[in-house]
Structure formats: C-alpha cells, structure tokens
file entry26.pdb (PDB, N, CA and C atoms)
ATOM      1  N   MET A 117     179.718  88.535  75.415
ATOM      2  CA  MET A 117     180.109  87.269  74.856
ATOM      3  C   MET A 117     181.287  86.738  75.662
ATOM      4  N   VAL A 118     181.252  85.460  75.926
ATOM      5  CA  VAL A 118     182.299  84.789  76.687
ATOM      6  C   VAL A 118     183.073  83.886  75.735
ATOM      7  N   ILE A 119     184.394  83.994  75.740
ATOM      8  CA  ILE A 119     185.242  83.124  74.919
ATOM      9  C   ILE A 119     185.924  82.127  75.847
ATOM     10  N   ARG A 120     185.774  80.872  75.539
ATOM     11  CA  ARG A 120     186.402  79.830  76.342
ATOM     12  C   ARG A 120     187.350  79.024  75.481
ATOM     13  N   CYS A 121     188.461  78.657  76.043
ATOM     14  CA  CYS A 121     189.440  77.821  75.354
ATOM     15  C   CYS A 121     189.229  76.384  75.832
ATOM     16  N   ILE A 122     188.982  75.485  74.915
ATOM     17  CA  ILE A 122     188.686  74.090  75.240
ATOM     18  C   ILE A 122     189.865  73.218  74.801
ATOM     19  N   TYR A 123     190.309  72.347  75.697
ATOM     20  CA  TYR A 123     191.392  71.407  75.396
ATOM     21  C   TYR A 123     190.825  69.989  75.449
ATOM     22  N   GLU A 124     191.027  69.228  74.408
ATOM     23  CA  GLU A 124     190.592  67.834  74.383
ATOM     24  C   GLU A 124     191.701  66.978  73.797
ATOM     25  N   HIS A 125     191.822  65.768  74.293
ATOM     26  CA  HIS A 125     192.785  64.823  73.731
ATOM     27  C   HIS A 125     192.204  64.249  72.444
ATOM     28  N   THR A 126     193.078  63.990  71.474
ATOM     29  CA  THR A 126     192.613  63.412  70.221
ATOM     30  C   THR A 126     192.244  61.942  70.436
ATOM     31  N   VAL A 127     191.573  61.382  69.471
ATOM     32  CA  VAL A 127     191.152  59.992  69.549
ATOM     33  C   VAL A 127     192.345  59.058  69.692
ATOM     34  N   TYR A 128     193.442  59.397  69.049
ATOM     35  CA  TYR A 128     194.621  58.522  69.054
ATOM     36  C   TYR A 128     195.537  58.790  70.242
ATOM     37  N   GLY A 129     195.225  59.777  71.062
ATOM     38  CA  GLY A 129     196.027  60.065  72.242
ATOM     39  C   GLY A 129     197.374  60.686  71.942
ATOM     40  N   ASN A 130     197.577  61.176  70.711
ATOM     41  CA  ASN A 130     198.889  61.699  70.350
ATOM     42  C   ASN A 130     198.946  63.225  70.336
ATOM     43  N   GLY A 131     197.966  63.871  70.846
ATOM     44  CA  GLY A 131     197.988  65.328  70.847
ATOM     45  C   GLY A 131     196.751  65.897  71.511
ATOM     46  N   VAL A 132     196.701  67.193  71.510
ATOM     47  CA  VAL A 132     195.590  67.890  72.136
ATOM     48  C   VAL A 132     194.922  68.775  71.086
ATOM     49  N   LEU A 133     193.630  68.700  71.024
ATOM     50  CA  LEU A 133     192.854  69.548  70.137
ATOM     51  C   LEU A 133     192.442  70.785  70.930
ATOM     52  N   VAL A 134     192.752  71.961  70.405
ATOM     53  CA  VAL A 134     192.417  73.208  71.083
ATOM     54  C   VAL A 134     191.467  73.999  70.195
ATOM     55  N   TYR A 135     190.387  74.464  70.754
ATOM     56  CA  TYR A 135     189.472  75.310  69.997
ATOM     57  C   TYR A 135     188.833  76.334  70.930
ATOM     58  N   LEU A 136     188.353  77.390  70.338
ATOM     59  CA  LEU A 136     187.699  78.443  71.100
ATOM     60  C   LEU A 136     186.198  78.305  70.950
ATOM     61  N   LEU A 137     185.480  78.508  72.015
ATOM     62  CA  LEU A 137     184.035  78.421  72.018
ATOM     63  C   LEU A 137     183.479  79.768  72.466
ATOM     64  N   ALA A 138     182.698  80.380  71.606
ATOM     65  CA  ALA A 138     182.081  81.659  71.944
ATOM     66  C   ALA A 138     180.645  81.409  72.374
ATOM     67  N   GLU A 139     180.283  81.960  73.512
ATOM     68  CA  GLU A 139     178.939  81.794  74.040
ATOM     69  C   GLU A 139     178.386  83.159  74.429
ATOM     70  N   ALA A 140     177.094  83.278  74.359
ATOM     71  CA  ALA A 140     176.453  84.489  74.864
ATOM     72  C   ALA A 140     176.543  84.475  76.387
ATOM     73  N   ALA A 141     176.717  85.628  76.976
ATOM     74  CA  ALA A 141     176.800  85.729  78.430
ATOM     75  C   ALA A 141     175.453  85.351  79.040
ATOM     76  N   SER A 142     175.497  84.617  80.118
ATOM     77  CA  SER A 142     174.257  84.235  80.783
ATOM     78  C   SER A 142     173.757  85.396  81.628
ATOM     79  N   ALA A 143     172.566  85.258  82.139
ATOM     80  CA  ALA A 143     171.982  86.335  82.945
ATOM     81  C   ALA A 143     172.821  86.619  84.183
ATOM     82  N   SER A 144     173.477  85.598  84.732
ATOM     83  CA  SER A 144     174.303  85.806  85.919
ATOM     84  C   SER A 144     175.570  86.594  85.584
ATOM     85  N   GLU A 145     175.973  86.620  84.313
ATOM     86  CA  GLU A 145     177.164  87.343  83.907
ATOM     87  C   GLU A 145     176.827  88.723  83.353
ATOM     88  N   GLN A 146     175.573  89.108  83.436
ATOM     89  CA  GLN A 146     175.131  90.392  82.918
ATOM     90  C   GLN A 146     175.735  91.514  83.752
ATOM     91  N   VAL A 147     176.287  92.511  83.057
ATOM     92  CA  VAL A 147     176.892  93.661  83.725
ATOM     93  C   VAL A 147     175.863  94.771  83.810
ATOM     94  N   ARG A 148     175.651  95.277  84.990
ATOM     95  CA  ARG A 148     174.689  96.372  85.192
ATOM     96  C   ARG A 148     175.134  97.581  84.380
ATOM     97  N   GLY A 149     174.273  98.042  83.492
ATOM     98  CA  GLY A 149     174.580  99.182  82.632
ATOM     99  C   GLY A 149     175.204  98.801  81.310
ATOM    100  N   GLY A 150     175.577  97.542  81.149
ATOM    101  CA  GLY A 150     176.255  97.080  79.933
ATOM    102  C   GLY A 150     175.288  96.764  78.809
ATOM    103  N   VAL A 151     174.697  97.784  78.196
ATOM    104  CA  VAL A 151     173.682  97.560  77.166
ATOM    105  C   VAL A 151     174.242  96.987  75.869
ATOM    106  N   ASN A 152     175.561  97.095  75.651
ATOM    107  CA  ASN A 152     176.121  96.523  74.430
ATOM    108  C   ASN A 152     176.625  95.098  74.647
ATOM    109  N   ALA A 153     176.450  94.555  75.859
ATOM    110  CA  ALA A 153     176.758  93.162  76.193
ATOM    111  C   ALA A 153     178.187  92.758  75.864
ATOM    112  N   ASP A 154     179.138  93.668  76.084
ATOM    113  CA  ASP A 154     180.543  93.334  75.843
ATOM    114  C   ASP A 154     181.264  92.909  77.111
ATOM    115  N   GLY A 155     180.527  92.761  78.211
ATOM    116  CA  GLY A 155     181.124  92.308  79.460
ATOM    117  C   GLY A 155     181.616  93.422  80.354
ATOM    118  N   GLY A 156     181.381  94.670  79.991
ATOM    119  CA  GLY A 156     181.810  95.795  80.804
ATOM    120  C   GLY A 156     180.813  96.928  80.740
ATOM    121  N   PHE A 157     181.078  97.955  81.540
ATOM    122  CA  PHE A 157     180.238  99.149  81.548
ATOM    123  C   PHE A 157     181.140 100.341  81.278
ATOM    124  N   THR A 158     181.002 100.923  80.081
ATOM    125  CA  THR A 158     181.858 102.024  79.656
ATOM    126  C   THR A 158     181.019 103.114  79.002
ATOM    127  N   VAL A 159     181.706 104.139  78.531
ATOM    128  CA  VAL A 159     181.030 105.228  77.828
ATOM    129  C   VAL A 159     180.348 104.729  76.554
ATOM    130  N   LEU A 160     180.807 103.622  75.996
ATOM    131  CA  LEU A 160     180.162 103.045  74.812
ATOM    132  C   LEU A 160     178.727 102.625  75.104
ATOM    133  N   ASP A 161     178.471 102.179  76.323
ATOM    134  CA  ASP A 161     177.117 101.810  76.710
ATOM    135  C   ASP A 161     176.228 103.052  76.802
ATOM    136  N   VAL A 162     176.777 104.147  77.311
ATOM    137  CA  VAL A 162     176.031 105.405  77.395
ATOM    138  C   VAL A 162     175.668 105.888  75.992
ATOM    139  N   VAL A 163     176.634 105.824  75.082
ATOM    140  CA  VAL A 163     176.402 106.264  73.703
ATOM    141  C   VAL A 163     175.341 105.386  73.038
ATOM    142  N   MET A 164     175.416 104.067  73.263
ATOM    143  CA  MET A 164     174.446 103.162  72.650
ATOM    144  C   MET A 164     173.036 103.454  73.148
ATOM    145  N   LEU A 165     172.881 103.665  74.461
ATOM    146  CA  LEU A 165     171.554 103.955  75.001
ATOM    147  C   LEU A 165     171.042 105.300  74.493
ATOM    148  N   ARG A 166     171.911 106.287  74.434
ATOM    149  CA  ARG A 166     171.522 107.608  73.927
ATOM    150  C   ARG A 166     171.019 107.514  72.494
ATOM    151  N   LYS A 167     171.760 106.789  71.655
ATOM    152  CA  LYS A 167     171.338 106.625  70.258
ATOM    153  C   LYS A 167     170.005 105.890  70.169
ATOM    154  N   TRP A 168     169.817 104.889  71.022
ATOM    155  CA  TRP A 168     168.564 104.145  71.014
ATOM    156  C   TRP A 168     167.393 105.043  71.415
ATOM    157  N   LEU A 169     167.605 105.883  72.430
ATOM    158  CA  LEU A 169     166.547 106.795  72.866
ATOM    159  C   LEU A 169     166.188 107.809  71.783
ATOM    160  N   LEU A 170     167.160 108.154  70.933
ATOM    161  CA  LEU A 170     166.913 109.080  69.823
ATOM    162  C   LEU A 170     166.455 108.363  68.553
ATOM    163  N   CYS A 171     166.209 107.053  68.657
ATOM    164  CA  CYS A 171     165.749 106.214  67.534
ATOM    165  C   CYS A 171     166.748 106.186  66.379
ATOM    166  N   THR A 172     168.039 106.224  66.694
ATOM    167  CA  THR A 172     169.075 106.141  65.661
ATOM    168  C   THR A 172     170.005 104.955  65.865
ATOM    169  N   GLY A 173     169.686 104.078  66.798
ATOM    170  CA  GLY A 173     170.547 102.928  67.063
ATOM    171  C   GLY A 173     169.748 101.794  67.678
ATOM    172  N   GLU A 174     170.453 100.712  67.998
ATOM    173  CA  GLU A 174     169.824  99.538  68.595
ATOM    174  C   GLU A 174     170.515  99.166  69.889
ATOM    175  N   ILE A 175     169.795  98.478  70.746
ATOM    176  CA  ILE A 175     170.289  98.024  72.044
ATOM    177  C   ILE A 175     170.499  96.513  71.969
ATOM    178  N   THR A 176     171.602  96.045  72.530
ATOM    179  CA  THR A 176     171.877  94.614  72.560
ATOM    180  C   THR A 176     171.237  93.947  73.771
ATOM    181  N   ASP A 177     171.346  94.567  74.947
ATOM    182  CA  ASP A 177     170.814  93.984  76.183
ATOM    183  C   ASP A 177     170.074  95.059  76.969
ATOM    184  N   TRP A 178     168.792  95.222  76.701
ATOM    185  CA  TRP A 178     168.054  96.320  77.316
ATOM    186  C   TRP A 178     167.886  96.147  78.818
ATOM    187  N   GLN A 179     167.810  94.902  79.288
ATOM    188  CA  GLN A 179     167.619  94.677  80.723
ATOM    189  C   GLN A 179     168.802  95.171  81.544
ATOM    190  N   ALA A 180     170.000  95.111  80.989
ATOM    191  CA  ALA A 180     171.177  95.608  81.691
ATOM    192  C   ALA A 180     171.139  97.125  81.826
ATOM    193  N   GLY A 181     170.436  97.791  80.931
ATOM    194  CA  GLY A 181     170.358  99.244  80.969
ATOM    195  C   GLY A 181     169.227  99.787  81.822
ATOM    196  N   ASP A 182     168.376  98.917  82.333
ATOM    197  CA  ASP A 182     167.255  99.357  83.165
ATOM    198  C   ASP A 182     167.747  99.606  84.587
ATOM    199  N   LEU A 183     168.495 100.687  84.772
ATOM    200  CA  LEU A 183     169.091 100.981  86.075
ATOM    201  C   LEU A 183     168.062 101.444  87.098
ATOM    202  N   CYS A 184     166.949 101.968  86.653
ATOM    203  CA  CYS A 184     165.874 102.376  87.571
ATOM    204  C   CYS A 184     165.006 101.186  87.976
ATOM    205  N   GLU A 185     165.209 100.065  87.322
ATOM    206  CA  GLU A 185     164.501  98.808  87.610
ATOM    207  C   GLU A 185     162.982  98.977  87.586
ATOM    208  N   ASN A 186     162.502  99.634  86.517
ATOM    209  CA  ASN A 186     161.069  99.818  86.360
ATOM    210  C   ASN A 186     160.523  99.114  85.121
ATOM    211  N   GLY A 187     161.343  98.293  84.473
ATOM    212  CA  GLY A 187     160.887  97.510  83.334
ATOM    213  C   GLY A 187     160.883  98.243  82.012
ATOM    214  N   ARG A 188     161.511  99.414  81.954
ATOM    215  CA  ARG A 188     161.588 100.153  80.695
ATOM    216  C   ARG A 188     162.867 100.976  80.656
ATOM    217  N   LEU A 189     163.267 101.342  79.445
ATOM    218  CA  LEU A 189     164.439 102.197  79.243
ATOM    219  C   LEU A 189     163.967 103.599  78.907
ATOM    220  N   ASP A 190     164.512 104.578  79.594
ATOM    221  CA  ASP A 190     164.139 105.959  79.324
ATOM    222  C   ASP A 190     165.281 106.890  79.723
ATOM    223  N   ALA A 191     165.012 108.176  79.666
ATOM    224  CA  ALA A 191     166.038 109.178  79.958
ATOM    225  C   ALA A 191     166.525 109.094  81.407
ATOM    226  N   PHE A 192     165.692 108.599  82.299
ATOM    227  CA  PHE A 192     166.113 108.446  83.692
ATOM    228  C   PHE A 192     167.212 107.388  83.813
ATOM    229  N   ASP A 193     167.088 106.326  83.039
ATOM    230  CA  ASP A 193     168.140 105.306  83.025
ATOM    231  C   ASP A 193     169.433 105.884  82.445
ATOM    232  N   LEU A 194     169.318 106.672  81.393
ATOM    233  CA  LEU A 194     170.494 107.305  80.786
ATOM    234  C   LEU A 194     171.169 108.234  81.791
ATOM    235  N   SER A 195     170.383 109.014  82.515
ATOM    236  CA  SER A 195     170.926 109.921  83.519
ATOM    237  C   SER A 195     171.648 109.163  84.629
ATOM    238  N   ARG A 196     171.036 108.095  85.100
ATOM    239  CA  ARG A 196     171.656 107.291  86.158
ATOM    240  C   ARG A 196     172.928 106.602  85.640
ATOM    241  N   MET A 197     172.895 106.181  84.379
ATOM    242  CA  MET A 197     174.063 105.544  83.759
ATOM    243  C   MET A 197     175.241 106.520  83.727
ATOM    244  N   LYS A 198     174.978 107.752  83.323
ATOM    245  CA  LYS A 198     176.034 108.765  83.285
ATOM    246  C   LYS A 198     176.593 109.031  84.673
ATOM    247  N   ARG A 199     175.701 109.115  85.664
ATOM    248  CA  ARG A 199     176.120 109.366  87.033
ATOM    249  C   ARG A 199     177.002 108.234  87.551
ATOM    250  N   GLU A 200     176.609 106.988  87.296
ATOM    251  CA  GLU A 200     177.382 105.838  87.773
ATOM    252  C   GLU A 200     178.731 105.748  87.068
ATOM    253  N   LEU A 201     178.773 106.144  85.814
ATOM    254  CA  LEU A 201     180.029 106.090  85.073
ATOM    255  C   LEU A 201     181.022 107.112  85.611
ATOM    256  N   LEU A 202     180.526 108.272  86.022
ATOM    257  CA  LEU A 202     181.399 109.323  86.538
ATOM    258  C   LEU A 202     181.866 109.068  87.971
ATOM    259  N   ASN A 203     181.142 108.260  88.715
ATOM    260  CA  ASN A 203     181.526 107.974  90.112
ATOM    261  C   ASN A 203     182.540 106.888  90.215
TER     262      ASN A 203
END

call {"tool": "encode", "arguments": {"input": "entry26.pdb", "output": "structure tokens"}}
result
Amino acid sequence: MVIRCIYEHTVYGNGVLVYLLAEAASASEQVRGGVNADGGFTVLDVVMLRKWLLCTGEITDWQAGDLCENGRLDAFDLSRMKRELLN
C-alpha cells in the first residue's frame, strides 16, 4: 500500500487542505518476494508463504512470491525466498 500526502488550496484561497490518500501498489511497485504486499521483503513474507502452503493462512500478492517464475507457488518458491532473504 502506498500512502500519499495531498496538498490542495481551499476554495477561498485562505489555507491548504491536507489529506492522505492510500492506494494499492501498482504492478511496477511490486516487490519480488513481498507476498504480504507491505512494500518490502522480510521474514514476514516467508512466514506468510509457509502458512499458505500448509493451508493455515492467506496470501496477499501471490505473483510477488512466484520466485521460480513458473506461474504457481510451491515449496521451491519458499526455498528460494529463504535463500534470497539470507543473502
């Protein structure tokens, strides 16, 4: 998720309206291995994928976890994820 701070002038020109806009990350902002879509790749992503493989959890962004680039998530992706995290 991307948080953006937006500044706009008010209709009367006497101040600035500030608000935060939360958007889902676009495909170009996808982090390789970031299955929880929090904008990073950490041990939390490894845990999420492990739980999903054991049918005890859910995945937020499965395409980010397809490190073998074969169109599916499996133990090979989990193994590669662990290896990349340790390097």

call {"tool": "atom_distance", "arguments": {"input": "entry26.pdb", "atom1": "atom CA of A:Asn203", "atom2": "atom C of A:Leu169"}}
result
23.9 Å

call {"tool": "atom_distance", "arguments": {"input": "entry26.pdb", "atom1": "atom C of A:Gly173", "atom2": "atom CA of A:Asp154"}}
result
16.0 Å

call {"tool": "atom_distance", "arguments": {"input": "entry26.pdb", "atom1": "atom CA of A:Ile175", "atom2": "atom CA of A:Arg199"}}
result
19.7 Å

call {"tool": "resolve_selection", "arguments": {"input": "entry26.pdb", "expression": "the PyMOL selection byres ((chain A and resi 181) around 6.5)", "output": "PyMOL selection string"}}
result
chain A and resi 148-151+177-180+182-184+189+193

call {"tool": "residues_around", "arguments": {"input": "entry26.pdb", "residues": "stretch 162-164 of chain A", "least_positions_apart": "6", "cutoff": "6.5 Å", "atoms": "only N, CA and C atoms", "output": "PDB file with N, CA and C atoms, in the frame of the given file"}}
result
ATOM      1  N   GLU A 174     170.453 100.712  67.998  1.00  0.00           N
ATOM      2  CA  GLU A 174     169.824  99.538  68.595  1.00  0.00           C
ATOM      3  C   GLU A 174     170.515  99.166  69.889  1.00  0.00           C
ATOM      4  N   ILE A 175     169.795  98.478  70.746  1.00  0.00           N
ATOM      5  CA  ILE A 175     170.289  98.024  72.044  1.00  0.00           C
ATOM      6  C   ILE A 175     170.499  96.513  71.969  1.00  0.00           C
ATOM      7  N   MET A 197     172.895 106.181  84.379  1.00  0.00           N
ATOM      8  CA  MET A 197     174.063 105.544  83.759  1.00  0.00           C
ATOM      9  C   MET A 197     175.241 106.520  83.727  1.00  0.00           C
ATOM     10  N   LYS A 198     174.978 107.752  83.323  1.00  0.00           N
ATOM     11  CA  LYS A 198     176.034 108.765  83.285  1.00  0.00           C
ATOM     12  C   LYS A 198     176.593 109.031  84.673  1.00  0.00           C
TER      13      LYS A 198
END

call {"tool": "axis_aligned_box", "arguments": {"input": "entry26.pdb", "around": "stretch 164-170 of chain A", "padding_each_side": "3 Å", "output": "lines of an AutoDock Vina configuration file"}}
result
center_x = 170.8
center_y = 106.1
center_z = 71.8
size_x = 15.2
size_y = 11.9
size_z = 12.4

call {"tool": "closest_residue", "arguments": {"input": "entry26.pdb", "among": "A:Gln146, A:Asn152, A:Leu201, A:Thr158", "to": "A:Thr176", "atoms": "all atoms listed in the file"}}
result
A:Asn152
